[in-house]
>>> print(open('coords-v4.cif').read())   # mmCIF, C-alpha atoms
data_structure
#
loop_
_atom_site.group_PDB
_atom_site.id
_atom_site.type_symbol
_atom_site.label_atom_id
_atom_site.label_comp_id
_atom_site.auth_asym_id
_atom_site.auth_seq_id
_atom_site.Cartn_x
_atom_site.Cartn_y
_atom_site.Cartn_z
ATOM 1 C CA MET O 1 -19.771 -27.140 -47.184
ATOM 2 C CA ASN O 2 -23.530 -27.734 -47.091
ATOM 3 C CA GLN O 3 -25.599 -25.051 -45.429
ATOM 4 C CA SER O 4 -27.896 -25.809 -42.542
ATOM 5 C CA PHE O 5 -31.617 -25.010 -42.717
ATOM 6 C CA GLY O 6 -31.032 -21.875 -40.644
ATOM 7 C CA GLN O 7 -28.125 -20.597 -42.698
ATOM 8 C CA LEU O 8 -30.003 -21.192 -45.938
ATOM 9 C CA ILE O 9 -33.140 -19.283 -44.968
ATOM 10 C CA ARG O 10 -31.112 -16.492 -43.324
ATOM 11 C CA GLU O 11 -29.024 -15.913 -46.435
ATOM 12 C CA ALA O 12 -32.090 -16.102 -48.690
ATOM 13 C CA ARG O 13 -33.954 -13.618 -46.486
ATOM 14 C CA LYS O 14 -31.053 -11.169 -46.587
ATOM 15 C CA ASP O 15 -30.760 -11.544 -50.359
ATOM 16 C CA LYS O 16 -34.438 -10.669 -50.651
ATOM 17 C CA GLY O 17 -33.980 -7.624 -48.435
ATOM 18 C CA PHE O 18 -36.461 -8.718 -45.758
ATOM 19 C CA SER O 19 -35.876 -8.024 -42.090
ATOM 20 C CA GLN O 20 -36.592 -10.862 -39.654
ATOM 21 C CA ARG O 21 -39.751 -9.079 -38.546
ATOM 22 C CA GLU O 22 -40.977 -8.474 -42.105
ATOM 23 C CA LEU O 23 -40.536 -12.082 -43.148
ATOM 24 C CA ALA O 24 -41.981 -13.419 -39.890
ATOM 25 C CA LYS O 25 -45.071 -11.270 -40.422
ATOM 26 C CA LEU O 26 -45.507 -12.540 -43.986
ATOM 27 C CA ILE O 27 -45.284 -16.152 -42.826
ATOM 28 C CA GLY O 28 -47.359 -15.618 -39.693
ATOM 29 C CA LEU O 29 -44.516 -16.572 -37.383
ATOM 30 C CA ASP O 30 -43.193 -14.993 -34.239
ATOM 31 C CA PHE O 31 -40.015 -13.117 -35.179
ATOM 32 C CA THR O 32 -38.160 -14.509 -32.178
ATOM 33 C CA TYR O 33 -38.899 -18.043 -33.409
ATOM 34 C CA LEU O 34 -37.697 -17.105 -36.896
ATOM 35 C CA SER O 35 -34.478 -15.745 -35.384
ATOM 36 C CA LYS O 36 -33.971 -19.072 -33.611
ATOM 37 C CA LEU O 37 -34.675 -21.005 -36.788
ATOM 38 C CA GLU O 38 -32.092 -18.916 -38.615
ATOM 39 C CA ASN O 39 -29.518 -19.730 -35.985
ATOM 40 C CA ASP O 40 -30.456 -23.425 -35.763
ATOM 41 C CA ARG O 41 -31.544 -22.936 -32.173
ATOM 42 C CA ALA O 42 -35.255 -23.696 -32.378
ATOM 43 C CA ASP O 43 -36.494 -26.481 -30.115
ATOM 44 C CA TYR O 44 -38.641 -27.917 -32.904
ATOM 45 C CA PRO O 45 -38.710 -27.633 -36.701
ATOM 46 C CA PRO O 46 -41.521 -25.615 -38.298
ATOM 47 C CA LYS O 47 -44.588 -27.335 -39.696
ATOM 48 C CA GLU O 48 -44.633 -28.316 -43.344
ATOM 49 C CA ASP O 49 -46.966 -25.499 -44.389
ATOM 50 C CA VAL O 50 -44.689 -22.954 -42.693
ATOM 51 C CA ILE O 51 -41.652 -24.339 -44.495
ATOM 52 C CA ARG O 52 -43.503 -24.227 -47.802
ATOM 53 C CA SER O 53 -44.481 -20.638 -47.152
ATOM 54 C CA LEU O 54 -40.877 -19.767 -46.261
ATOM 55 C CA ALA O 55 -39.686 -21.416 -49.465
ATOM 56 C CA GLN O 56 -42.253 -19.536 -51.554
ATOM 57 C CA HIS O 57 -41.336 -16.153 -50.096
ATOM 58 C CA LEU O 58 -37.612 -16.853 -50.400
ATOM 59 C CA ASP O 59 -37.694 -18.543 -53.825
ATOM 60 C CA LEU O 60 -36.295 -21.788 -52.438
ATOM 61 C CA ASN O 61 -37.205 -25.348 -53.381
ATOM 62 C CA GLU O 62 -40.073 -26.346 -51.084
ATOM 63 C CA GLU O 63 -39.366 -30.083 -50.981
ATOM 64 C CA GLU O 64 -35.638 -29.650 -50.438
ATOM 65 C CA LEU O 65 -36.256 -27.168 -47.655
ATOM 66 C CA ILE O 66 -38.650 -29.568 -45.905
ATOM 67 C CA PHE O 67 -36.025 -32.311 -45.924
ATOM 68 C CA LEU O 68 -33.313 -29.886 -44.807
ATOM 69 C CA ALA O 69 -35.484 -28.962 -41.814
ATOM 70 C CA GLY O 70 -35.490 -32.621 -40.825
ATOM 71 C CA ARG O 71 -39.078 -33.226 -41.848
ATOM 72 C CA ILE O 72 -40.571 -35.480 -44.480
ATOM 73 C CA PRO O 73 -43.209 -34.066 -46.841
ATOM 74 C CA GLN O 74 -46.661 -35.514 -46.149
ATOM 75 C CA ARG O 75 -46.744 -37.137 -49.595
ATOM 76 C CA ASP O 76 -43.478 -38.974 -48.944
ATOM 77 C CA GLU O 77 -44.528 -39.807 -45.423
ATOM 78 C CA ASP O 78 -47.401 -41.836 -46.806
ATOM 79 C CA PHE O 79 -45.038 -43.655 -49.166
ATOM 80 C CA ILE O 80 -42.670 -44.433 -46.291
ATOM 81 C CA LYS O 81 -45.542 -45.797 -44.206
ATOM 82 C CA GLN O 82 -46.575 -48.058 -47.070
ATOM 83 C CA ASN O 83 -43.023 -49.357 -47.371
ATOM 84 C CA TYR O 84 -42.026 -49.170 -43.737
ATOM 85 C CA LYS O 85 -40.454 -52.613 -43.628
ATOM 86 C CA GLY O 86 -37.799 -51.864 -46.232
ATOM 87 C CA MET O 87 -36.997 -48.347 -45.086
ATOM 88 C CA PRO O 88 -34.624 -49.069 -42.172
ATOM 89 C CA ALA O 89 -32.555 -51.402 -44.333
ATOM 90 C CA LEU O 90 -32.517 -48.898 -47.212
ATOM 91 C CA PHE O 91 -31.366 -45.990 -45.018
ATOM 92 C CA ARG O 92 -28.779 -48.180 -43.260
ATOM 93 C CA ARG O 93 -27.351 -49.366 -46.540
ATOM 94 C CA MET O 94 -27.187 -45.833 -47.891
ATOM 95 C CA GLN O 95 -25.370 -44.630 -44.786
ATOM 96 C CA GLU O 96 -22.922 -47.515 -44.829
ATOM 97 C CA ASN O 97 -22.294 -47.413 -48.547
ATOM 98 C CA PRO O 98 -21.902 -43.867 -49.897
ATOM 99 C CA ASP O 99 -21.414 -45.109 -53.460
ATOM 100 C CA PHE O 100 -24.716 -46.929 -53.322
ATOM 101 C CA ALA O 101 -26.362 -43.796 -51.902
ATOM 102 C CA LYS O 102 -24.896 -41.675 -54.695
ATOM 103 C CA ARG O 103 -26.185 -44.113 -57.285
ATOM 104 C CA VAL O 104 -29.669 -44.061 -55.765
ATOM 105 C CA PHE O 105 -29.701 -40.250 -55.686
ATOM 106 C CA ARG O 106 -28.368 -40.031 -59.235
ATOM 107 C CA GLU O 107 -31.028 -42.370 -60.549
ATOM 108 C CA ALA O 108 -33.736 -40.721 -58.488
ATOM 109 C CA THR O 109 -32.922 -37.255 -59.800
ATOM 110 C CA GLN O 110 -32.166 -38.300 -63.395
ATOM 111 C CA PRO O 111 -35.694 -37.707 -64.730
ATOM 112 C CA GLU O 112 -35.750 -34.273 -63.022
ATOM 113 C CA ASN O 113 -32.350 -33.361 -64.491
ATOM 114 C CA GLU O 114 -33.436 -34.493 -67.931
ATOM 115 C CA GLU O 115 -36.583 -32.392 -67.612
ATOM 116 C CA LYS O 116 -34.506 -29.356 -66.618
ATOM 117 C CA GLN O 117 -32.093 -29.863 -69.522
ATOM 118 C CA GLY O 118 -34.858 -30.611 -72.022
ATOM 119 C CA MET Y 1 -4.573 -10.427 -27.035
ATOM 120 C CA SER Y 2 -8.122 -9.430 -26.241
ATOM 121 C CA ILE Y 3 -11.144 -8.906 -28.414
ATOM 122 C CA ILE Y 4 -12.357 -6.179 -26.081
ATOM 123 C CA LYS Y 5 -10.556 -2.858 -26.414
ATOM 124 C CA ARG Y 6 -9.219 -1.079 -23.343
ATOM 125 C CA TYR Y 7 -11.378 1.790 -22.179
ATOM 126 C CA ARG Y 8 -10.593 5.167 -23.671
ATOM 127 C CA TYR Y 9 -12.422 8.443 -23.549
ATOM 128 C CA ILE Y 10 -14.352 8.896 -26.786
ATOM 129 C CA PRO Y 11 -15.702 12.388 -27.468
ATOM 130 C CA ASP Y 12 -19.423 12.576 -28.104
ATOM 131 C CA SER Y 13 -18.770 14.034 -31.541
ATOM 132 C CA GLU Y 14 -16.834 10.909 -32.495
ATOM 133 C CA ILE Y 15 -19.598 8.607 -31.279
ATOM 134 C CA GLU Y 16 -22.193 10.608 -33.208
ATOM 135 C CA ALA Y 17 -20.031 10.615 -36.324
ATOM 136 C CA LYS Y 18 -19.713 6.833 -36.167
ATOM 137 C CA ALA Y 19 -23.492 6.381 -35.916
ATOM 138 C CA ASN Y 20 -24.105 8.880 -38.718
ATOM 139 C CA ASN Y 21 -21.522 7.216 -40.897
ATOM 140 C CA ILE Y 22 -23.342 3.889 -40.618
ATOM 141 C CA LEU Y 23 -26.675 5.517 -41.495
ATOM 142 C CA LYS Y 24 -25.065 7.259 -44.453
ATOM 143 C CA ARG Y 25 -23.592 4.017 -45.752
ATOM 144 C CA MET Y 26 -26.945 2.295 -45.312
ATOM 145 C CA GLN Y 27 -28.599 5.119 -47.222
ATOM 146 C CA GLU Y 28 -26.271 4.350 -50.118
ATOM 147 C CA THR Y 29 -27.169 0.630 -50.085
ATOM 148 C CA PRO Y 30 -30.605 0.058 -51.675
ATOM 149 C CA LYS Y 31 -31.444 -3.022 -49.581
ATOM 150 C CA TYR Y 32 -30.652 -1.224 -46.331
ATOM 151 C CA ILE Y 33 -32.026 2.294 -46.758
ATOM 152 C CA PRO Y 34 -32.996 3.305 -43.206
ATOM 153 C CA LYS Y 35 -36.645 3.886 -42.368
ATOM 154 C CA TRP Y 36 -38.054 5.203 -39.110
ATOM 155 C CA PRO Y 37 -38.760 3.741 -36.656
ATOM 156 C CA LEU Y 38 -35.343 2.246 -37.297
ATOM 157 C CA ASP Y 39 -35.211 -1.538 -37.116
ATOM 158 C CA ALA Y 40 -31.871 -2.064 -35.375
ATOM 159 C CA THR Y 41 -31.683 -5.669 -36.599
ATOM 160 C CA ARG Y 42 -31.269 -4.282 -40.103
ATOM 161 C CA VAL Y 43 -28.380 -2.136 -38.931
ATOM 162 C CA ALA Y 44 -26.844 -5.196 -37.298
ATOM 163 C CA GLU Y 45 -27.106 -7.154 -40.520
ATOM 164 C CA PHE Y 46 -25.688 -4.265 -42.490
ATOM 165 C CA LEU Y 47 -22.671 -4.431 -40.173
ATOM 166 C CA GLY Y 48 -22.339 -8.182 -40.743
ATOM 167 C CA LEU Y 49 -23.902 -9.255 -37.450
ATOM 168 C CA ASP Y 50 -26.702 -11.749 -37.001
ATOM 169 C CA VAL Y 51 -29.321 -11.410 -34.293
ATOM 170 C CA VAL Y 52 -31.038 -14.090 -32.249
ATOM 171 C CA TRP Y 53 -33.742 -13.611 -29.631
ATOM 172 C CA ASP Y 54 -33.237 -16.267 -27.041
ATOM 173 C CA ARG Y 55 -33.262 -17.057 -23.348
ATOM 174 C CA ILE Y 56 -30.138 -15.843 -21.627
ATOM 175 C CA PRO Y 57 -30.109 -17.300 -18.144
ATOM 176 C CA PRO Y 58 -28.931 -14.994 -15.355
ATOM 177 C CA ASP Y 59 -25.525 -15.759 -13.915
ATOM 178 C CA ALA Y 60 -24.102 -15.210 -10.430
ATOM 179 C CA GLU Y 61 -24.025 -11.448 -11.021
ATOM 180 C CA GLY Y 62 -27.652 -11.194 -12.129
ATOM 181 C CA GLN Y 63 -29.718 -10.606 -15.257
ATOM 182 C CA ILE Y 64 -28.122 -10.290 -18.688
ATOM 183 C CA ALA Y 65 -30.005 -8.140 -21.198
ATOM 184 C CA ALA Y 66 -27.902 -9.054 -24.199
ATOM 185 C CA ARG Y 67 -24.494 -10.269 -25.225
ATOM 186 C CA ILE Y 68 -22.225 -10.253 -28.217
ATOM 187 C CA LEU Y 69 -20.415 -13.336 -29.441
ATOM 188 C CA PRO Y 70 -17.705 -11.574 -31.443
ATOM 189 C CA LEU Y 71 -16.276 -14.627 -33.149
ATOM 190 C CA GLU Y 72 -19.694 -15.763 -34.299
ATOM 191 C CA HIS Y 73 -20.620 -12.205 -35.335
ATOM 192 C CA LEU Y 74 -23.801 -12.755 -33.352
ATOM 193 C CA ILE Y 75 -25.831 -10.644 -30.955
ATOM 194 C CA GLU Y 76 -28.032 -12.523 -28.523
ATOM 195 C CA ILE Y 77 -30.926 -10.545 -27.083
ATOM 196 C CA ASN Y 78 -32.712 -11.791 -24.017
ATOM 197 C CA GLU Y 79 -36.329 -12.542 -24.966
ATOM 198 C CA ASP Y 80 -37.424 -11.306 -21.565
ATOM 199 C CA ILE Y 81 -36.859 -7.698 -22.606
ATOM 200 C CA LEU Y 82 -39.867 -7.960 -24.934
ATOM 201 C CA GLU Y 83 -41.952 -7.697 -21.779
ATOM 202 C CA LEU Y 84 -40.509 -4.261 -21.091
ATOM 203 C CA PRO Y 85 -42.033 -1.066 -22.563
ATOM 204 C CA LYS Y 86 -41.997 -0.839 -26.346
ATOM 205 C CA GLY Y 87 -38.838 0.754 -27.638
ATOM 206 C CA PHE Y 88 -36.609 -0.883 -25.095
ATOM 207 C CA GLU Y 89 -35.735 -3.713 -27.463
ATOM 208 C CA GLN Y 90 -34.489 -1.373 -30.207
ATOM 209 C CA SER Y 91 -32.541 0.580 -27.655
ATOM 210 C CA THR Y 92 -30.919 -2.585 -26.302
ATOM 211 C CA LEU Y 93 -29.954 -3.817 -29.724
ATOM 212 C CA ALA Y 94 -28.624 -0.411 -30.780
ATOM 213 C CA HIS Y 95 -26.672 -0.338 -27.517
ATOM 214 C CA GLU Y 96 -25.050 -3.659 -28.446
ATOM 215 C CA LEU Y 97 -24.161 -2.216 -31.833
ATOM 216 C CA GLY Y 98 -22.476 0.597 -29.932
ATOM 217 C CA HIS Y 99 -20.291 -1.946 -28.163
ATOM 218 C CA TRP Y 100 -19.536 -3.636 -31.451
ATOM 219 C CA GLU Y 101 -18.473 -0.381 -33.085
ATOM 220 C CA LEU Y 102 -16.719 1.222 -30.118
ATOM 221 C CA HIS Y 103 -15.397 -1.528 -27.895
ATOM 222 C CA ILE Y 104 -14.870 -4.714 -29.852
ATOM 223 C CA ASP Y 105 -11.600 -5.047 -31.691
ATOM 224 C CA GLN Y 106 -13.059 -6.431 -34.901
ATOM 225 C CA LYS Y 107 -9.638 -6.960 -36.463
ATOM 226 C CA THR Y 108 -8.491 -9.109 -33.550
ATOM 227 C CA ALA Y 109 -11.805 -10.983 -33.623
ATOM 228 C CA GLY Y 110 -11.068 -11.826 -37.261
ATOM 229 C CA GLN Y 111 -7.569 -13.017 -36.360
ATOM 230 C CA PHE Y 112 -8.968 -15.176 -33.555
ATOM 231 C CA LYS Y 113 -11.448 -16.702 -35.949
ATOM 232 C CA GLU Y 114 -8.559 -17.643 -38.217
ATOM 233 C CA LEU Y 115 -6.636 -19.131 -35.265
ATOM 234 C CA ILE Y 116 -9.622 -21.257 -34.341
ATOM 235 C CA LYS Y 117 -9.865 -22.535 -37.896
ATOM 236 C CA GLN Y 118 -6.220 -23.604 -37.566
ATOM 237 C CA GLY Y 119 -6.940 -25.371 -34.264
ATOM 238 C CA GLY Y 120 -5.346 -22.855 -31.851
ATOM 239 C CA LYS Y 121 -8.374 -22.569 -29.610
ATOM 240 C CA GLY Y 122 -6.597 -22.972 -26.270
ATOM 241 C CA GLU Y 123 -4.969 -19.542 -26.034
ATOM 242 C CA ILE Y 124 -8.088 -17.592 -26.923
ATOM 243 C CA ASP Y 125 -10.401 -15.984 -24.420
ATOM 244 C CA MET Y 126 -13.778 -16.427 -26.089
ATOM 245 C CA GLN Y 127 -15.983 -15.051 -23.347
ATOM 246 C CA PRO Y 128 -19.015 -13.267 -24.769
ATOM 247 C CA PHE Y 129 -19.302 -9.529 -24.252
ATOM 248 C CA LEU Y 130 -22.055 -9.249 -21.648
ATOM 249 C CA CYS Y 131 -24.329 -6.309 -21.108
ATOM 250 C CA ARG Y 132 -25.681 -5.474 -17.674
ATOM 251 C CA ALA Y 133 -25.410 -2.940 -14.882
ATOM 252 C CA VAL Y 134 -21.715 -2.535 -14.099
ATOM 253 C CA SER Y 135 -19.378 -0.100 -12.422
ATOM 254 C CA GLY Y 136 -15.986 1.564 -13.002
ATOM 255 C CA GLN Y 137 -14.459 1.767 -16.477
ATOM 256 C CA LEU Y 138 -17.042 -0.711 -17.755
ATOM 257 C CA GLN Y 139 -19.796 1.648 -16.657
ATOM 258 C CA LYS Y 140 -18.216 4.322 -18.835
ATOM 259 C CA MET Y 141 -18.220 1.904 -21.755
ATOM 260 C CA GLU Y 142 -21.909 1.231 -21.154
ATOM 261 C CA TRP Y 143 -22.535 4.960 -21.207
ATOM 262 C CA GLN Y 144 -20.692 5.294 -24.527
ATOM 263 C CA ALA Y 145 -22.722 2.442 -26.025
ATOM 264 C CA GLN Y 146 -25.927 4.094 -24.845
ATOM 265 C CA ARG Y 147 -24.921 7.371 -26.445
ATOM 266 C CA PHE Y 148 -24.214 5.538 -29.677
ATOM 267 C CA ALA Y 149 -27.687 3.944 -29.517
ATOM 268 C CA SER Y 150 -29.224 7.359 -29.008
ATOM 269 C CA TYR Y 151 -27.443 8.846 -32.030
ATOM 270 C CA LEU Y 152 -28.298 5.836 -34.178
ATOM 271 C CA LEU Y 153 -32.003 5.678 -33.357
ATOM 272 C CA MET Y 154 -32.515 9.440 -33.138
ATOM 273 C CA PRO Y 155 -30.123 11.138 -35.553
ATOM 274 C CA HIS Y 156 -30.091 14.915 -35.583
ATOM 275 C CA TYR Y 157 -31.522 15.242 -39.087
ATOM 276 C CA ILE Y 158 -34.524 13.029 -38.310
ATOM 277 C CA LEU Y 159 -35.200 14.871 -35.069
ATOM 278 C CA GLU Y 160 -35.057 18.186 -36.907
ATOM 279 C CA GLN Y 161 -37.660 16.959 -39.404
ATOM 280 C CA MET Y 162 -39.908 15.747 -36.616
ATOM 281 C CA ALA Y 163 -39.433 18.796 -34.438
ATOM 282 C CA ALA Y 164 -40.584 20.973 -37.316
ATOM 283 C CA GLU Y 165 -43.929 19.175 -37.234
ATOM 284 C CA HIS Y 166 -44.360 18.908 -33.473
ATOM 285 C CA ASP Y 167 -44.695 21.166 -30.476
ATOM 286 C CA LEU Y 168 -41.963 20.070 -28.104
ATOM 287 C CA THR Y 169 -43.666 21.704 -25.149
ATOM 288 C CA LYS Y 170 -46.537 19.230 -25.323
ATOM 289 C CA TRP Y 171 -46.270 15.721 -23.934
ATOM 290 C CA SER Y 172 -48.762 14.384 -26.491
ATOM 291 C CA HIS Y 173 -46.410 15.530 -29.268
ATOM 292 C CA LEU Y 174 -43.408 13.978 -27.555
ATOM 293 C CA TYR Y 175 -45.269 10.678 -27.259
ATOM 294 C CA ALA Y 176 -46.157 10.847 -30.939
ATOM 295 C CA MET Y 177 -42.493 11.409 -31.775
ATOM 296 C CA GLN Y 178 -41.485 8.573 -29.496
ATOM 297 C CA LYS Y 179 -43.817 6.246 -31.378
ATOM 298 C CA ASP Y 180 -42.505 7.343 -34.759
ATOM 299 C CA LEU Y 181 -38.926 6.853 -33.591
ATOM 300 C CA GLY Y 182 -39.593 3.472 -31.955
ATOM 301 C CA VAL Y 183 -37.754 4.443 -28.774
ATOM 302 C CA THR Y 184 -38.813 4.797 -25.153
ATOM 303 C CA ILE Y 185 -40.038 8.157 -23.911
ATOM 304 C CA THR Y 186 -36.999 8.263 -21.625
ATOM 305 C CA ASN Y 187 -34.682 7.768 -24.593
ATOM 306 C CA LEU Y 188 -36.361 10.666 -26.363
ATOM 307 C CA LYS Y 189 -36.357 12.985 -23.339
ATOM 308 C CA VAL Y 190 -32.653 12.383 -22.723
ATOM 309 C CA ARG Y 191 -31.825 13.048 -26.374
ATOM 310 C CA LEU Y 192 -33.901 16.234 -26.564
ATOM 311 C CA ARG Y 193 -32.427 17.505 -23.308
ATOM 312 C CA GLN Y 194 -28.946 16.782 -24.597
ATOM 313 C CA LEU Y 195 -29.752 18.944 -27.609
ATOM 314 C CA ASN Y 196 -31.140 21.638 -25.298
ATOM 315 C CA TRP Y 197 -34.382 21.449 -27.228
ATOM 316 C CA ILE Y 198 -36.330 20.843 -24.039
ATOM 317 C CA ILE Y 199 -35.640 21.640 -20.423
ATOM 318 C CA LEU Y 200 -37.040 19.369 -17.756
ATOM 319 C CA PRO Y 201 -36.357 20.336 -14.148
ATOM 320 C CA PRO Y 202 -35.509 17.240 -12.094
ATOM 321 C CA GLY Y 203 -38.641 15.530 -10.797
ATOM 322 C CA ASP Y 204 -40.917 17.878 -12.725
ATOM 323 C CA ASN Y 205 -42.962 16.467 -15.551
ATOM 324 C CA THR Y 206 -43.777 19.902 -16.960
ATOM 325 C CA ILE Y 207 -41.819 20.822 -20.019
ATOM 326 C CA ASP Y 208 -40.699 24.351 -19.183
ATOM 327 C CA MET Y 209 -39.341 25.519 -22.433
ATOM 328 C CA SER Y 210 -38.692 24.510 -25.955
ATOM 329 C CA LEU Y 211 -35.785 26.178 -27.658
ATOM 330 C CA LYS Y 212 -36.939 25.098 -31.082
#
>>> encode(input="coords-v4.cif", output="structure tokens")
Amino acid sequence: MNQSFGQLIREARKDKGFSQRELAKLIGLDFTYLSKLENDRADYPPKEDVIRSLAQHLDLNEEELIFLAGRIPQRDEDFIKQNYKGMPALFRRMQENPDFAKRVFREATQPENEEKQG
Amino acid sequence: MSIIKRYRYIPDSEIEAKANNILKRMQETPKYIPKWPLDATRVAEFLGLDVVWDRIPPDAEGQIAARILPLEHLIEINEDILELPKGFEQSTLAHELGHWELHIDQKTAGQFKELIKQGGKGEIDMQPFLCRAVSGQLQKMEWQAQRFASYLLMPHYILEQMAAEHDLTKWSHLYAMQKDLGVTITNLKVRLRQLNWIILPPGDNTIDMSLK
């Protein structure tokens, strides 16, 4: 089963041996907010720079963590704005047709996978 | 079947041994070696419990300082207690750990979790374990949890080390110890009196005697 944003950062923090307070201090967050994030109880997702900082301290993939938090990286946000007309149809089709979505993801990550293998 | 054990008398020595045993096991686990002031959230995580600081609204019986959700292995601490004097938060969390160790039937909680996975939710009482001022047998359980917190945050061997460097007849030294231990001054006074290391006549703020 896929982990939520909270579960992922909580497990990564424990693996690194940080306490909630220690990590919160490093990131410049309130530890009570971090505890809510870890339990998927926060009223709002953290800002992109906070997520990037979390990812850096926890050795997680920054971009993936931003998406998992329900945000879109600024760079991609600009791309979406430029192509805003096609986006609703694209997302709808991907939701309705899992095979199509898989194909899109496969093709989108192919160059990255090849880079990793190469 | 209940997740909460029935009240039983637990000798102080047993409560202290339980707290010491946890500290000893943490000492043997590189990621969790205890440091003072002790961060009780690290103890919670060592015991497999997660901690969240959140709003816990009062119910018909009043304020709730904290509660344990045994099936979720989660301790919720009321954010409001951060407004109280420093040290209170560690004491509250350590107190909850006392309930977890002394009063929650962890084996039954595990069985309930399994039952829920299989869809048998109806027969299970999943009420969280609440912490607040109570009376009767529950009051005795609160007292046991508080003793556990005291032993966990102020173990004998740490107090001995600190007492060797401080004059227990001086308030300034006691406040310095309190800071190093991360507890409230009341927590420390109660613990030192229990050890007969200080004697404080009721209502008198003069420390009459130090036996150390």
>>> interface_residues(input="coords-v4.cif", of="chain Y", to="chain O", cutoff="7 Å", atoms="all atoms listed in the file", output="list in words")
Lys31, Arg42, Val51, Val52 and Trp53 of chain Y
>>> resolve_selection(input="coords-v4.cif", expression="the PyMOL selection byres ((chain O and resi 69) around 8)", output="PyMOL selection string")
chain O and resi 5+45-46+65-68+70-71
>>> resolve_selection(input="coords-v4.cif", expression="the PyMOL selection byres ((chain Y and resi 63) around 12)", output="PyMOL selection string")
chain Y and resi 55-62+64-67+77-81+130-134
>>> write_last_selection(input="coords-v4.cif", atoms="C-alpha atoms", output="mmCIF file, keeping the file's coordinate frame")
data_model
loop_
_atom_site.group_PDB
_atom_site.id
_atom_site.type_symbol
_atom_site.label_atom_id
_atom_site.label_comp_id
_atom_site.auth_asym_id
_atom_site.auth_seq_id
_atom_site.Cartn_x
_atom_site.Cartn_y
_atom_site.Cartn_z
ATOM 1 C CA ARG Y 55 -33.262 -17.057 -23.348
ATOM 2 C CA ILE Y 56 -30.138 -15.843 -21.627
ATOM 3 C CA PRO Y 57 -30.109 -17.300 -18.144
ATOM 4 C CA PRO Y 58 -28.931 -14.994 -15.355
ATOM 5 C CA ASP Y 59 -25.525 -15.759 -13.915
ATOM 6 C CA ALA Y 60 -24.102 -15.210 -10.430
ATOM 7 C CA GLU Y 61 -24.025 -11.448 -11.021
ATOM 8 C CA GLY Y 62 -27.652 -11.194 -12.129
ATOM 9 C CA ILE Y 64 -28.122 -10.290 -18.688
ATOM 10 C CA ALA Y 65 -30.005 -8.140 -21.198
ATOM 11 C CA ALA Y 66 -27.902 -9.054 -24.199
ATOM 12 C CA ARG Y 67 -24.494 -10.269 -25.225
ATOM 13 C CA ILE Y 77 -30.926 -10.545 -27.083
ATOM 14 C CA ASN Y 78 -32.712 -11.791 -24.017
ATOM 15 C CA GLU Y 79 -36.329 -12.542 -24.966
ATOM 16 C CA ASP Y 80 -37.424 -11.306 -21.565
ATOM 17 C CA ILE Y 81 -36.859 -7.698 -22.606
ATOM 18 C CA LEU Y 130 -22.055 -9.249 -21.648
ATOM 19 C CA CYS Y 131 -24.329 -6.309 -21.108
ATOM 20 C CA ARG Y 132 -25.681 -5.474 -17.674
ATOM 21 C CA ALA Y 133 -25.410 -2.940 -14.882
ATOM 22 C CA VAL Y 134 -21.715 -2.535 -14.099
#
>>> resolve_selection(input="coords-v4.cif", expression="the PyMOL selection byres ((chain Y and resi 142-149) around 6)", output="PyMOL selection string")
chain Y and resi 15+94-95+98-99+139-141+150-152
>>> write_last_selection(input="coords-v4.cif", atoms="C-alpha atoms", output="short mmCIF file (atom, residue, chain, number, x, y, z; two decimals), in the frame of the given file")
data_model
loop_
_atom_site.label_atom_id
_atom_site.label_comp_id
_atom_site.auth_asym_id
_atom_site.auth_seq_id
_atom_site.Cartn_x
_atom_site.Cartn_y
_atom_site.Cartn_z
CA ILE Y 15 -19.60 8.61 -31.28
CA ALA Y 94 -28.62 -0.41 -30.78
CA HIS Y 95 -26.67 -0.34 -27.52
CA GLY Y 98 -22.48 0.60 -29.93
CA HIS Y 99 -20.29 -1.95 -28.16
CA GLN Y 139 -19.80 1.65 -16.66
CA LYS Y 140 -18.22 4.32 -18.84
CA MET Y 141 -18.22 1.90 -21.76
CA SER Y 150 -29.22 7.36 -29.01
CA TYR Y 151 -27.44 8.85 -32.03
CA LEU Y 152 -28.30 5.84 -34.18
#
>>> axis_aligned_box(input="coords-v4.cif", around="range 196-199 of chain Y", padding_each_side="5 Å", output="AutoDock Vina command-line options")
--center_x -33.7 --center_y 21.2 --center_z -23.8 --size_x 15.2 --size_y 10.8 --size_z 16.8
>>> atom_distance(input="coords-v4.cif", atom1="CA of Ala24 in chain O", atom2="CA of Leu97 in chain Y")
22.5 Å
>>> atom_distance(input="coords-v4.cif", atom1="CA of Asn196 in chain Y", atom2="CA of Asp180 in chain Y")
20.6 Å
>>> closest_residue(input="coords-v4.cif", among="Y:Ser91, Y:Ile22, Y:Leu71, Y:Gln118", to="Ile104 in chain Y", atoms="only C-alpha atoms")
Y:Leu71
>>> atom_distance(input="coords-v4.cif", atom1="CA of Arg6 in chain Y", atom2="CA of Leu102 in chain Y")
10.4 Å
